[in-house]
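The structure under discussion appears below in the form of structure tokens.
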Amino acid sequence: MAQSLRMLLAPVKSLLGGTSAFMAGNSLLGVVLPLRMEAAGYPIALTGLIMAAYYLGLAFGGFKAKHIILRIGHIRAFSTFAALTAAVCLAYAFFFNPVAWVILRMINGFCIAGMTNSVESWLNDRSSNETRGRVLGYYMLVFYLAIAVGQTMVNIAPVEGSDLLMIAAVLIGLSLIPIALTRLGEPNLSELRVLGVKKLFEASRVGVIGAGVAGILVGSFYALGVVFARQIGLSVSEAAIFMSTVVLGGLAAQVPVGMLADRFDRRIVMSCILIAVGASWGLLSISIPGDVPLILLMAMAVAFGGAISSVYPLCVAQTFDRLDRKYYVAASGRLLMVYSMGATAGPLLASFLMSLYGPRSFFLFESAIAVAYAFFVLVIVKTGPELPVEGREKFVPLPDISPVAMALDPRTEPNRHPSQAEQR
């Protein structure tokens with residue numbers, strides 16, 4: 001078992017090492033920036049606008065970074081994106097004004113999309129068609145753990161100083177080392193089949209709308225969750241633990257949710273999860289003016305993280321069930337576009353409500369979106385028949401914070417050039 005694991009991970013350990021470094025740095029940055037804006041007295045609506053710019057850059061990078069990779073190669077592209085991201089981390093301290101931070105956040109998001117695209121296409125090329133699913137699983141494990149660790153590193157130094165920004169820049173810079181020293185060859189990035197949004201919507205309304213809902217839930221939480229935690233009285237260290245707990249809850253939920261989704265109607269599974277968690281968070285919002293026990297808040301954070309992290313992969317599975325396999329990668333690109341639009345809009349809406357009605361509205365906003373979508377899905381269930389189990393694709397966990405790992409999805413078409421990996 002140990003030997004087979006070493007054989008599986010040996011070709012990709014440098015890629016996983018680079019991923020862990022830049023994701024830890026980026027997640028630290030995602031906690032530090034809203035805390036610095038809170039300390040500076042920025043209005044919540046302005047904080048939401050600045051944090052939403054990251055997802056706009058992520059969306060743009062998801063479509064355009066590939067052209068840069070194709071032009072200059074994976075190692076040089078990754079190095080360029082990493083160096084620019086590290087420079088952006090330091091630039092936040094020098095240009096502490098809203099306009100500059102919006103621009104920096106967009107560049108930040110674009111570069112992270114480019115780095116993840118580079119790593120994931122490499123991982124795909126170094127994996128056989130039989131091992132892609134397991135490689136994706138380990139990639140997700142590294143991805144989530146790096147985010148959780150990065151968020152807790154906010155306790156190392158005061159938020160108001162530049163130390164944390166420098167640590168984030170160092171981590172992202174360190175990700176260059178395993179990537180730059182790798183002897184892996186250049187993967188092949190083939191052109192994908194085109195699939196229109198209209199055709200995708202006709203195939204799965206639940207999947208397309210759900211991708212947008214997932215973006216709203218995830219984007220608003222990771223942009224403003226730490227601000228919400230501070231507003232309800234948590235310390236900086238408690239707020240960081242709160243954020244990390246949500247991430248780990250998302251990781252822990254993937255296997256049990258996948259088992260349920262493969263056994264029962266995926267639409268009902270998703271609806272039940274969202275209704276249960278949405279109702280719980282709605283009830284918890286009533287208790288915020290009082291003293292909410294920290295243990296209760298953390299327990300809800302685990303459940304909430306599991307719920308919001310399950311929406312996107314369930315929507316992908318639901319959509320794939322209704323398409324020909326040749327369109328899977330193209331469909332994923334469209335779903336990512338819808339997801340990114342939701343992730344950009346989510347922080348804007350949530351911050352606007354929080355500025356008007358206080359931190360309780362953050363809970364209520366997330367709950368209302370989750371429950372409303374759940375009931376929409378249940379209505380669709382009544383009008384559309386359930387697919388038989390044998391006609392479904394297997395549920396595959398996907399990272400919700402940056403859901404671009406389609407190259408590794410074992411449901412997609414097999415590697416076009418397996419001999420390249422075999423020759424190296």
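Labeling convention for the structure tokens: chains A, B, ... as they appear, residues from 1 per chain, ligands from 1 in order of appearance.
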Point to revise | Shell around region 25-27 of chain A at 6 Å using only C-alpha atoms, local window under 3 positions removed, as a list in words | key: Phe22, Gly30, Ile147, Gly150, Gln151, Ala168, Leu171 and Ile172 of chain A
Kindly export the residues of the current selection with N, CA and C atoms, as a PDB file, in the first residue's frame.
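See out-v1.pdb below for the written result:
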ATOM      1  N   PHE A  22       1.777  28.032  -2.624  1.00  0.00           N
ATOM      2  CA  PHE A  22       1.080  29.229  -3.117  1.00  0.00           C
ATOM      3  C   PHE A  22      -0.353  29.316  -2.607  1.00  0.00           C
ATOM      4  N   GLY A  30      -6.062  36.257   1.802  1.00  0.00           N
ATOM      5  CA  GLY A  30      -7.509  36.433   1.803  1.00  0.00           C
ATOM      6  C   GLY A  30      -8.086  36.733   3.175  1.00  0.00           C
ATOM      7  N   ILE A 147      -4.996  25.739   2.442  1.00  0.00           N
ATOM      8  CA  ILE A 147      -5.859  26.897   2.705  1.00  0.00           C
ATOM      9  C   ILE A 147      -6.110  27.052   4.196  1.00  0.00           C
ATOM     10  N   GLY A 150      -2.890  28.213   5.896  1.00  0.00           N
ATOM     11  CA  GLY A 150      -2.620  29.603   5.558  1.00  0.00           C
ATOM     12  C   GLY A 150      -3.487  30.573   6.335  1.00  0.00           C
ATOM     13  N   GLN A 151      -4.749  30.246   6.517  1.00  0.00           N
ATOM     14  CA  GLN A 151      -5.648  31.124   7.261  1.00  0.00           C
ATOM     15  C   GLN A 151      -5.247  31.252   8.728  1.00  0.00           C
ATOM     16  N   ALA A 168       3.096  36.038   3.155  1.00  0.00           N
ATOM     17  CA  ALA A 168       2.327  35.556   2.000  1.00  0.00           C
ATOM     18  C   ALA A 168       3.171  35.603   0.737  1.00  0.00           C
ATOM     19  N   LEU A 171       5.761  32.736   0.812  1.00  0.00           N
ATOM     20  CA  LEU A 171       5.167  31.435   0.521  1.00  0.00           C
ATOM     21  C   LEU A 171       4.912  31.268  -0.977  1.00  0.00           C
ATOM     22  N   ILE A 172       4.377  32.310  -1.590  1.00  0.00           N
ATOM     23  CA  ILE A 172       4.105  32.234  -3.024  1.00  0.00           C
ATOM     24  C   ILE A 172       5.414  32.164  -3.810  1.00  0.00           C
TER      25      ILE A 172
END
Review point. Please, which residues of region 176-381 of chain A, numbered as in this document, come out helix (DSSP H, G or I) from DSSP, as a VMD selection string?
Key: chain A and resid 176 to 180 197 to 203 205 to 231 236 to 263 266 to 287 294 to 320 325 to 357 360 to 381
Exercise for review: Name all residues at most 10 Å from Ile241 (chain A) (count only C-alpha atoms; drop same-chain ones fewer than 5 positions away) and give them as an MDAnalysis selection string.
Suggested key: chainID A and resid 148:149 151:155 226 234:236 246:247 298 301
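Of the residues under consideration (A:Leu335, A:Leu296, A:Leu217, A:Gly305), A:Gly305 shows the shortest atom-to-atom contact distance to Thr245 (chain A) when counting only C-alpha atoms.
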Point to revise | Nearest candidate to Gly57 (chain A) (options A:Ile295, A:Met337, A:Ile75, A:Leu174; using only C-alpha atoms) | key: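 Nearest candidate to Gly57 (chain A) out of A:Ile295, A:Met337, A:Ile75, A:Leu174: A:Met337.
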Practice item. Would you kindly return, as a VMD selection string, each protein, DNA or RNA residue with an atom no farther than 10 Å from any atom of Thr85 (chain A), considering only C-alpha atoms and excluding same-chain residues fewer than 3 positions away? Key: chain A and resid 22 25 to 26 79 to 82 88 to 91 104 to 105 107 to 112 115 168 to 169 172 to 173
Residue subset to file, keeping N, CA and C atoms, as a PDB file, in the first residue's frame:
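Contents of selection-v3.pdb, as written:
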ATOM      1  N   PHE A  22       1.777  28.032  -2.624  1.00  0.00           N
ATOM      2  CA  PHE A  22       1.080  29.229  -3.117  1.00  0.00           C
ATOM      3  C   PHE A  22      -0.353  29.316  -2.607  1.00  0.00           C
ATOM      4  N   GLY A  25      -0.113  30.775   0.951  1.00  0.00           N
ATOM      5  CA  GLY A  25       0.121  32.215   0.881  1.00  0.00           C
ATOM      6  C   GLY A  25      -1.099  32.983   0.434  1.00  0.00           C
ATOM      7  N   ASN A  26      -1.802  32.454  -0.557  1.00  0.00           N
ATOM      8  CA  ASN A  26      -2.982  33.147  -1.067  1.00  0.00           C
ATOM      9  C   ASN A  26      -4.114  33.164  -0.043  1.00  0.00           C
ATOM     10  N   SER A  79       6.082  30.577 -13.382  1.00  0.00           N
ATOM     11  CA  SER A  79       7.042  31.487 -12.753  1.00  0.00           C
ATOM     12  C   SER A  79       6.589  32.928 -12.872  1.00  0.00           C
ATOM     13  N   THR A  80       6.066  33.285 -14.030  1.00  0.00           N
ATOM     14  CA  THR A  80       5.571  34.653 -14.241  1.00  0.00           C
ATOM     15  C   THR A  80       4.398  34.962 -13.322  1.00  0.00           C
ATOM     16  N   PHE A  81       3.434  34.042 -13.273  1.00  0.00           N
ATOM     17  CA  PHE A  81       2.264  34.251 -12.419  1.00  0.00           C
ATOM     18  C   PHE A  81       2.665  34.321 -10.942  1.00  0.00           C
ATOM     19  N   ALA A  82       3.569  33.448 -10.522  1.00  0.00           N
ATOM     20  CA  ALA A  82       3.977  33.424  -9.112  1.00  0.00           C
ATOM     21  C   ALA A  82       4.741  34.688  -8.738  1.00  0.00           C
ATOM     22  N   VAL A  88       2.462  41.495  -5.999  1.00  0.00           N
ATOM     23  CA  VAL A  88       1.169  42.068  -5.621  1.00  0.00           C
ATOM     24  C   VAL A  88       0.983  42.014  -4.111  1.00  0.00           C
ATOM     25  N   CYS A  89       1.410  40.913  -3.484  1.00  0.00           N
ATOM     26  CA  CYS A  89       1.296  40.797  -2.023  1.00  0.00           C
ATOM     27  C   CYS A  89       1.997  41.960  -1.325  1.00  0.00           C
ATOM     28  N   LEU A  90       3.193  42.287  -1.791  1.00  0.00           N
ATOM     29  CA  LEU A  90       3.947  43.392  -1.193  1.00  0.00           C
ATOM     30  C   LEU A  90       3.350  44.745  -1.559  1.00  0.00           C
ATOM     31  N   ALA A  91       2.759  44.817  -2.751  1.00  0.00           N
ATOM     32  CA  ALA A  91       2.194  46.093  -3.214  1.00  0.00           C
ATOM     33  C   ALA A  91       0.996  46.533  -2.382  1.00  0.00           C
ATOM     34  N   LEU A 104      -5.260  45.396  -7.777  1.00  0.00           N
ATOM     35  CA  LEU A 104      -4.365  44.357  -7.285  1.00  0.00           C
ATOM     36  C   LEU A 104      -5.108  43.041  -7.066  1.00  0.00           C
ATOM     37  N   ARG A 105      -6.332  43.125  -6.558  1.00  0.00           N
ATOM     38  CA  ARG A 105      -7.103  41.896  -6.337  1.00  0.00           C
ATOM     39  C   ARG A 105      -7.448  41.207  -7.659  1.00  0.00           C
ATOM     40  N   ILE A 107      -5.620  41.360 -10.425  1.00  0.00           N
ATOM     41  CA  ILE A 107      -4.373  40.736 -10.880  1.00  0.00           C
ATOM     42  C   ILE A 107      -4.107  39.471 -10.076  1.00  0.00           C
ATOM     43  N   ASN A 108      -4.343  39.550  -8.772  1.00  0.00           N
ATOM     44  CA  ASN A 108      -4.169  38.408  -7.871  1.00  0.00           C
ATOM     45  C   ASN A 108      -5.007  37.212  -8.333  1.00  0.00           C
ATOM     46  N   GLY A 109      -6.275  37.454  -8.606  1.00  0.00           N
ATOM     47  CA  GLY A 109      -7.163  36.385  -9.043  1.00  0.00           C
ATOM     48  C   GLY A 109      -6.745  35.808 -10.390  1.00  0.00           C
ATOM     49  N   PHE A 110      -6.353  36.669 -11.314  1.00  0.00           N
ATOM     50  CA  PHE A 110      -5.917  36.206 -12.636  1.00  0.00           C
ATOM     51  C   PHE A 110      -4.702  35.295 -12.512  1.00  0.00           C
ATOM     52  N   CYS A 111      -3.740  35.688 -11.691  1.00  0.00           N
ATOM     53  CA  CYS A 111      -2.516  34.910 -11.547  1.00  0.00           C
ATOM     54  C   CYS A 111      -2.771  33.570 -10.862  1.00  0.00           C
ATOM     55  N   ILE A 112      -3.639  33.548  -9.855  1.00  0.00           N
ATOM     56  CA  ILE A 112      -3.944  32.281  -9.180  1.00  0.00           C
ATOM     57  C   ILE A 112      -4.625  31.323 -10.157  1.00  0.00           C
ATOM     58  N   MET A 115      -1.840  29.904 -12.260  1.00  0.00           N
ATOM     59  CA  MET A 115      -1.010  28.941 -11.534  1.00  0.00           C
ATOM     60  C   MET A 115      -1.731  27.610 -11.368  1.00  0.00           C
ATOM     61  N   ALA A 168       3.096  36.038   3.155  1.00  0.00           N
ATOM     62  CA  ALA A 168       2.327  35.556   2.000  1.00  0.00           C
ATOM     63  C   ALA A 168       3.171  35.603   0.737  1.00  0.00           C
ATOM     64  N   ALA A 169       3.921  36.691   0.552  1.00  0.00           N
ATOM     65  CA  ALA A 169       4.779  36.818  -0.631  1.00  0.00           C
ATOM     66  C   ALA A 169       5.879  35.755  -0.629  1.00  0.00           C
ATOM     67  N   ILE A 172       4.377  32.310  -1.590  1.00  0.00           N
ATOM     68  CA  ILE A 172       4.105  32.234  -3.024  1.00  0.00           C
ATOM     69  C   ILE A 172       5.414  32.164  -3.810  1.00  0.00           C
ATOM     70  N   GLY A 173       6.430  32.906  -3.346  1.00  0.00           N
ATOM     71  CA  GLY A 173       7.730  32.818  -3.999  1.00  0.00           C
ATOM     72  C   GLY A 173       8.356  31.444  -3.857  1.00  0.00           C
TER      73      GLY A 173
END
Determine, for each residue of region 145-244 of chain A having at least one atom at most 8 Å from an atom of region 358-364 of chain A, the closest pair of atoms and their separation in Å to one decimal, counting only C-alpha atoms; order by chain and ascending number, as a Markdown table.
| residue | atom | partner | partner_atom | distance |
| --- | --- | --- | --- | --- |
| A:Phe228 | CA | A:Pro359 | CA | 5.7 |
| A:Gln231 | CA | A:Pro359 | CA | 6.3 |
| A:Ile232 | CA | A:Pro359 | CA | 6.8 |
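Take the candidates A:Ala77, A:Met51, A:Val213, A:Leu136 and check each one against Met106 (chain A) using only C-alpha atoms; the shortest distance goes to A:Met51.
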**Study point:** Option closest in space to Arg322 (chain A), from A:Gly41, A:Gly137, A:Gly207, A:Gly233 [counting only C-alpha atoms]
**Key:**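 Ranked by minimum distance to Arg322 (chain A), first place goes to A:Gly207.
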Using only C-alpha atoms, what does the table of region 325-393 of chain A residues within 7 Å of region 256-272 of chain A look like, with each row giving the shortest atom pair and its distance in Å to one decimal, sorted by chain and ascending number, as a tab-separated table?
residue	atom	partner	partner_atom	distance
A:Ala374	CA	A:Ser271	CA	4.3
A:Phe375	CA	A:Ser271	CA	6.9
A:Val377	CA	A:Arg267	CA	6.3
A:Leu378	CA	A:Ile268	CA	6.8
A:Glu386	CA	A:Asp265	CA	6.5
Export, as a tab-separated table (two decimals), in the first residue's frame, the selected residues with N, CA and C atoms.
chain	number	residue	atom	x	y	z
A	374	ALA	N	-32.66	25.50	-2.84
A	374	ALA	CA	-33.10	24.14	-2.50
A	374	ALA	C	-34.56	23.91	-2.89
A	375	PHE	N	-35.40	24.89	-2.62
A	375	PHE	CA	-36.81	24.75	-2.99
A	375	PHE	C	-37.00	24.80	-4.51
A	377	VAL	N	-34.90	23.58	-6.63
A	377	VAL	CA	-34.51	22.24	-7.08
A	377	VAL	C	-35.63	21.25	-6.81
A	378	LEU	N	-36.28	21.35	-5.66
A	378	LEU	CA	-37.37	20.42	-5.33
A	378	LEU	C	-38.54	20.59	-6.31
A	386	GLU	N	-36.24	11.36	-12.37
A	386	GLU	CA	-34.91	11.03	-11.87
A	386	GLU	C	-34.21	10.09	-12.84
